[in-house]
$ cat model.pdb   # PDB, C-alpha atoms
ATOM      1  CA  MET A   7      16.453  -0.319   1.172  1.00  0.00           C
ATOM      2  CA  ALA A   8      13.941   0.983   3.690  1.00  0.00           C
ATOM      3  CA  VAL A   9      10.789  -0.655   2.343  1.00  0.00           C
ATOM      4  CA  LYS A  10       8.673   0.090   5.405  1.00  0.00           C
ATOM      5  CA  GLU A  11       9.504   3.803   5.453  1.00  0.00           C
ATOM      6  CA  ASP A  12       9.023   4.178   1.694  1.00  0.00           C
ATOM      7  CA  VAL A  13       5.666   2.387   1.751  1.00  0.00           C
ATOM      8  CA  ILE A  14       4.499   4.536   4.671  1.00  0.00           C
ATOM      9  CA  ASP A  15       5.570   7.690   2.799  1.00  0.00           C
ATOM     10  CA  ILE A  16       3.580   6.615  -0.263  1.00  0.00           C
ATOM     11  CA  LEU A  17       0.532   5.763   1.850  1.00  0.00           C
ATOM     12  CA  ASN A  18       0.724   9.042   3.770  1.00  0.00           C
ATOM     13  CA  THR A  19       0.844  10.963   0.492  1.00  0.00           C
ATOM     14  CA  ILE A  20      -2.088   9.125  -1.074  1.00  0.00           C
ATOM     15  CA  ILE A  21      -4.243   9.128   2.056  1.00  0.00           C
ATOM     16  CA  GLY A  22      -3.313  12.671   3.035  1.00  0.00           C
ATOM     17  CA  GLU A  23      -2.569  11.928   6.669  1.00  0.00           C
ATOM     18  CA  ASP A  24      -0.019  10.175   8.842  1.00  0.00           C
ATOM     19  CA  ILE A  25      -0.996   6.524   9.187  1.00  0.00           C
ATOM     20  CA  THR A  26       1.897   5.352  11.374  1.00  0.00           C
ATOM     21  CA  ASP A  27      -0.420   4.834  14.342  1.00  0.00           C
ATOM     22  CA  GLN A  28      -2.880   2.823  12.199  1.00  0.00           C
ATOM     23  CA  MET A  29      -0.604   0.054  10.904  1.00  0.00           C
ATOM     24  CA  ASP A  30      -3.209  -2.701  11.344  1.00  0.00           C
ATOM     25  CA  ASP A  31      -6.315  -0.666  10.523  1.00  0.00           C
ATOM     26  CA  ASP A  32      -8.275  -1.603   7.396  1.00  0.00           C
ATOM     27  CA  PHE A  33      -8.005   1.204   4.789  1.00  0.00           C
ATOM     28  CA  PHE A  34     -11.164   0.195   3.020  1.00  0.00           C
ATOM     29  CA  ASP A  35     -13.405  -0.221   6.061  1.00  0.00           C
ATOM     30  CA  SER A  36     -12.268   3.159   7.383  1.00  0.00           C
ATOM     31  CA  GLY A  37     -12.771   4.874   4.021  1.00  0.00           C
ATOM     32  CA  LEU A  38      -9.127   5.958   3.721  1.00  0.00           C
ATOM     33  CA  LEU A  39      -8.697   4.236   0.340  1.00  0.00           C
ATOM     34  CA  ASP A  40     -11.154   3.915  -2.503  1.00  0.00           C
ATOM     35  CA  SER A  41     -10.710   2.185  -5.857  1.00  0.00           C
ATOM     36  CA  MET A  42      -8.967   5.154  -7.521  1.00  0.00           C
ATOM     37  CA  ALA A  43      -6.564   5.578  -4.605  1.00  0.00           C
ATOM     38  CA  THR A  44      -5.855   1.839  -4.723  1.00  0.00           C
ATOM     39  CA  VAL A  45      -4.828   2.069  -8.370  1.00  0.00           C
ATOM     40  CA  GLU A  46      -2.614   5.055  -7.531  1.00  0.00           C
ATOM     41  CA  LEU A  47      -1.063   3.083  -4.661  1.00  0.00           C
ATOM     42  CA  LEU A  48      -0.280   0.093  -6.858  1.00  0.00           C
ATOM     43  CA  LEU A  49       1.234   2.278  -9.580  1.00  0.00           C
ATOM     44  CA  ASP A  50       3.363   4.192  -7.069  1.00  0.00           C
ATOM     45  CA  LEU A  51       4.583   0.960  -5.472  1.00  0.00           C
ATOM     46  CA  GLU A  52       5.416  -0.557  -8.865  1.00  0.00           C
ATOM     47  CA  SER A  53       7.375   2.527  -9.823  1.00  0.00           C
ATOM     48  CA  LYS A  54       9.216   2.936  -6.516  1.00  0.00           C
ATOM     49  CA  PHE A  55      10.165  -0.710  -6.000  1.00  0.00           C
ATOM     50  CA  ASP A  56      10.287  -1.984  -9.606  1.00  0.00           C
ATOM     51  CA  ILE A  57       7.715  -4.676  -8.858  1.00  0.00           C
ATOM     52  CA  GLN A  58       4.635  -5.986 -10.631  1.00  0.00           C
ATOM     53  CA  ALA A  59       1.351  -5.600  -8.755  1.00  0.00           C
ATOM     54  CA  PRO A  60      -1.344  -5.815 -11.435  1.00  0.00           C
ATOM     55  CA  VAL A  61      -4.769  -4.489 -10.558  1.00  0.00           C
ATOM     56  CA  SER A  62      -6.252  -7.579 -12.205  1.00  0.00           C
ATOM     57  CA  GLU A  63      -4.591  -9.765  -9.533  1.00  0.00           C
ATOM     58  CA  PHE A  64      -5.334  -7.421  -6.640  1.00  0.00           C
ATOM     59  CA  ASN A  65      -6.852  -9.145  -3.612  1.00  0.00           C
ATOM     60  CA  ARG A  66      -8.145  -6.522  -1.213  1.00  0.00           C
ATOM     61  CA  ASP A  67      -7.695  -8.805   1.806  1.00  0.00           C
ATOM     62  CA  GLU A  68      -3.941  -8.987   1.103  1.00  0.00           C
ATOM     63  CA  TRP A  69      -3.525  -5.195   0.854  1.00  0.00           C
ATOM     64  CA  ASN A  70      -6.002  -3.732   3.364  1.00  0.00           C
ATOM     65  CA  THR A  71      -3.625  -2.542   6.111  1.00  0.00           C
ATOM     66  CA  PRO A  72      -0.286  -0.728   6.054  1.00  0.00           C
ATOM     67  CA  ASN A  73       1.458  -3.775   7.543  1.00  0.00           C
ATOM     68  CA  LYS A  74      -0.021  -6.038   4.858  1.00  0.00           C
ATOM     69  CA  VAL A  75       1.059  -3.632   2.109  1.00  0.00           C
ATOM     70  CA  ILE A  76       4.614  -3.632   3.485  1.00  0.00           C
ATOM     71  CA  ALA A  77       4.653  -7.440   3.690  1.00  0.00           C
ATOM     72  CA  LYS A  78       3.248  -7.788   0.184  1.00  0.00           C
ATOM     73  CA  VAL A  79       5.809  -5.376  -1.278  1.00  0.00           C
ATOM     74  CA  GLU A  80       8.633  -7.190   0.511  1.00  0.00           C
ATOM     75  CA  SER A  81       7.410 -10.526  -0.902  1.00  0.00           C
ATOM     76  CA  LEU A  82       7.259  -9.083  -4.420  1.00  0.00           C
ATOM     77  CA  ILE A  83      10.756  -7.622  -4.155  1.00  0.00           C
ATOM     78  CA  GLY A  84      12.460 -10.810  -3.213  1.00  0.00           C
TER      79      GLY A  84
END
$ encode --input "model.pdb" --output "structure tokens"
Amino acid sequence: MAVKEDVIDILNTIIGEDITDQMDDDFFDSGLLDSMATVELLLDLESKFDIQAPVSEFNRDEWNTPNKVIAKVESLIG
């Protein structure tokens, strides 16, 4: 399974631009993700990877960069 590529595809779709050169940039500080886009991201990740990432347990500091999202998804998968 290509977690990194799939996560990047989901992020690119939600954000509407290619983020591969911004892997350590904070989505929230840069305005690329807002609360609605965050919910969409979590739902898409849950669906794609069959994981549980409840909004109620969402910690923005653990999900604020593409690299952190990839690491978090990988930790939830296995």
$ residues_around --input "model.pdb" --residues "range 35-37 of chain A" --least-positions-apart "5" --cutoff "12 Å" --atoms "only C-alpha atoms" --output "mmCIF file with C-alpha atoms, in the frame of the given file"
data_model
loop_
_atom_site.group_PDB
_atom_site.id
_atom_site.type_symbol
_atom_site.label_atom_id
_atom_site.label_comp_id
_atom_site.auth_asym_id
_atom_site.auth_seq_id
_atom_site.Cartn_x
_atom_site.Cartn_y
_atom_site.Cartn_z
ATOM 1 C CA ILE A 21 -4.243 9.128 2.056
ATOM 2 C CA ILE A 25 -0.996 6.524 9.187
ATOM 3 C CA GLN A 28 -2.880 2.823 12.199
ATOM 4 C CA ASP A 30 -3.209 -2.701 11.344
ATOM 5 C CA ALA A 43 -6.564 5.578 -4.605
ATOM 6 C CA THR A 44 -5.855 1.839 -4.723
ATOM 7 C CA ARG A 66 -8.145 -6.522 -1.213
ATOM 8 C CA ASP A 67 -7.695 -8.805 1.806
ATOM 9 C CA ASN A 70 -6.002 -3.732 3.364
ATOM 10 C CA THR A 71 -3.625 -2.542 6.111
#
$ atom_distance --input "model.pdb" --atom1 "CA of Leu82 in chain A" --atom2 "CA of Ala59 in chain A"
8.1 Å
$ closest_residue --input "model.pdb" --among "A:Val79, A:Met29, A:Val13, A:Ala8" --to "Ile57 in chain A" --atoms "only C-alpha atoms"
A:Val79
$ atom_distance --input "model.pdb" --atom1 "CA of Thr26 in chain A" --atom2 "CA of Gly84 in chain A"
24.2 Å
$ atom_distance --input "model.pdb" --atom1 "CA of Val45 in chain A" --atom2 "CA of Ile16 in chain A"
12.5 Å
$ closest_residue --input "model.pdb" --among "A:Asp32, A:Glu46, A:Asp15, A:Leu38" --to "Asn73 in chain A" --atoms "only C-alpha atoms"
A:Asp32
$ closest_residue --input "model.pdb" --among "A:Ile83, A:Leu39, A:Ala77, A:Leu49" --to "Asn18 in chain A" --atoms "all atoms listed in the file"
A:Leu39
$ residues_near_point --input "model.pdb" --point "(1.5, -8.2, -9.5)" --cutoff "12 Å" --atoms "only C-alpha atoms" --output "short mmCIF file (atom, residue, chain, number, x, y, z; two decimals) with C-alpha atoms, keeping the file's coordinate frame"
data_model
loop_
_atom_site.label_atom_id
_atom_site.label_comp_id
_atom_site.auth_asym_id
_atom_site.auth_seq_id
_atom_site.Cartn_x
_atom_site.Cartn_y
_atom_site.Cartn_z
CA LEU A 48 -0.28 0.09 -6.86
CA LEU A 49 1.23 2.28 -9.58
CA LEU A 51 4.58 0.96 -5.47
CA GLU A 52 5.42 -0.56 -8.86
CA PHE A 55 10.16 -0.71 -6.00
CA ASP A 56 10.29 -1.98 -9.61
CA ILE A 57 7.72 -4.68 -8.86
CA GLN A 58 4.64 -5.99 -10.63
CA ALA A 59 1.35 -5.60 -8.76
CA PRO A 60 -1.34 -5.82 -11.44
CA VAL A 61 -4.77 -4.49 -10.56
CA SER A 62 -6.25 -7.58 -12.20
CA GLU A 63 -4.59 -9.76 -9.53
CA PHE A 64 -5.33 -7.42 -6.64
CA ASN A 65 -6.85 -9.14 -3.61
CA GLU A 68 -3.94 -8.99 1.10
CA TRP A 69 -3.52 -5.20 0.85
CA LYS A 78 3.25 -7.79 0.18
CA VAL A 79 5.81 -5.38 -1.28
CA SER A 81 7.41 -10.53 -0.90
CA LEU A 82 7.26 -9.08 -4.42
CA ILE A 83 10.76 -7.62 -4.16
#
$ closest_residue --input "model.pdb" --among "A:Glu11, A:Lys54, A:Pro72, A:Ser41" --to "Asp27 in chain A" --atoms "only C-alpha atoms"
A:Pro72
$ build_atoms --input "model.pdb" --residues "range 22-43 of chain A" --atoms "N, CA and C atoms" --output "compact mmCIF listing (two decimals), in the frame of the given file"
# COMPACT_ATOMS: atom_id res chain seq x y z
N GLY A 22 -3.26 11.28 2.62
CA GLY A 22 -3.31 12.67 3.04
C GLY A 22 -3.21 12.86 4.54
N GLU A 23 -2.77 11.82 5.23
CA GLU A 23 -2.57 11.93 6.67
C GLU A 23 -1.53 10.91 7.10
N ASP A 24 -1.01 11.09 8.29
CA ASP A 24 -0.02 10.18 8.84
C ASP A 24 -0.72 8.92 9.36
N ILE A 25 -0.33 7.77 8.81
CA ILE A 25 -1.00 6.52 9.19
C ILE A 25 -0.12 5.65 10.09
N THR A 26 0.97 6.18 10.60
CA THR A 26 1.90 5.35 11.37
C THR A 26 1.29 4.78 12.66
N ASP A 27 0.23 5.38 13.15
CA ASP A 27 -0.42 4.83 14.34
C ASP A 27 -1.63 3.96 13.98
N GLN A 28 -1.75 3.63 12.69
CA GLN A 28 -2.88 2.82 12.20
C GLN A 28 -2.39 1.64 11.36
N MET A 29 -1.28 1.04 11.74
CA MET A 29 -0.60 0.05 10.90
C MET A 29 -1.41 -1.23 10.68
N ASP A 30 -2.38 -1.51 11.52
CA ASP A 30 -3.21 -2.70 11.34
C ASP A 30 -4.67 -2.36 11.07
N ASP A 31 -4.95 -1.09 10.82
CA ASP A 31 -6.32 -0.67 10.52
C ASP A 31 -6.63 -0.91 9.04
N ASP A 32 -7.83 -1.32 8.76
CA ASP A 32 -8.28 -1.60 7.40
C ASP A 32 -8.57 -0.28 6.67
N PHE A 33 -7.82 -0.02 5.58
CA PHE A 33 -8.01 1.20 4.79
C PHE A 33 -9.41 1.32 4.24
N PHE A 34 -9.91 0.19 3.75
CA PHE A 34 -11.16 0.20 3.02
C PHE A 34 -12.35 0.36 3.96
N ASP A 35 -12.32 -0.35 5.08
CA ASP A 35 -13.40 -0.22 6.06
C ASP A 35 -13.47 1.18 6.65
N SER A 36 -12.31 1.82 6.80
CA SER A 36 -12.27 3.16 7.38
C SER A 36 -12.49 4.25 6.35
N GLY A 37 -12.55 3.89 5.07
CA GLY A 37 -12.77 4.87 4.02
C GLY A 37 -11.53 5.67 3.62
N LEU A 38 -10.35 5.24 4.07
CA LEU A 38 -9.13 5.96 3.72
C LEU A 38 -8.70 5.71 2.28
N LEU A 39 -9.03 4.55 1.74
CA LEU A 39 -8.70 4.24 0.34
C LEU A 39 -9.95 3.83 -0.40
N ASP A 40 -10.09 4.36 -1.61
CA ASP A 40 -11.15 3.92 -2.50
C ASP A 40 -10.49 3.26 -3.72
N SER A 41 -11.26 2.91 -4.71
CA SER A 41 -10.71 2.18 -5.86
C SER A 41 -9.69 3.02 -6.63
N MET A 42 -9.93 4.30 -6.80
CA MET A 42 -8.97 5.15 -7.52
C MET A 42 -7.67 5.29 -6.73
N ALA A 43 -7.77 5.46 -5.43
CA ALA A 43 -6.56 5.58 -4.61
C ALA A 43 -5.80 4.26 -4.58
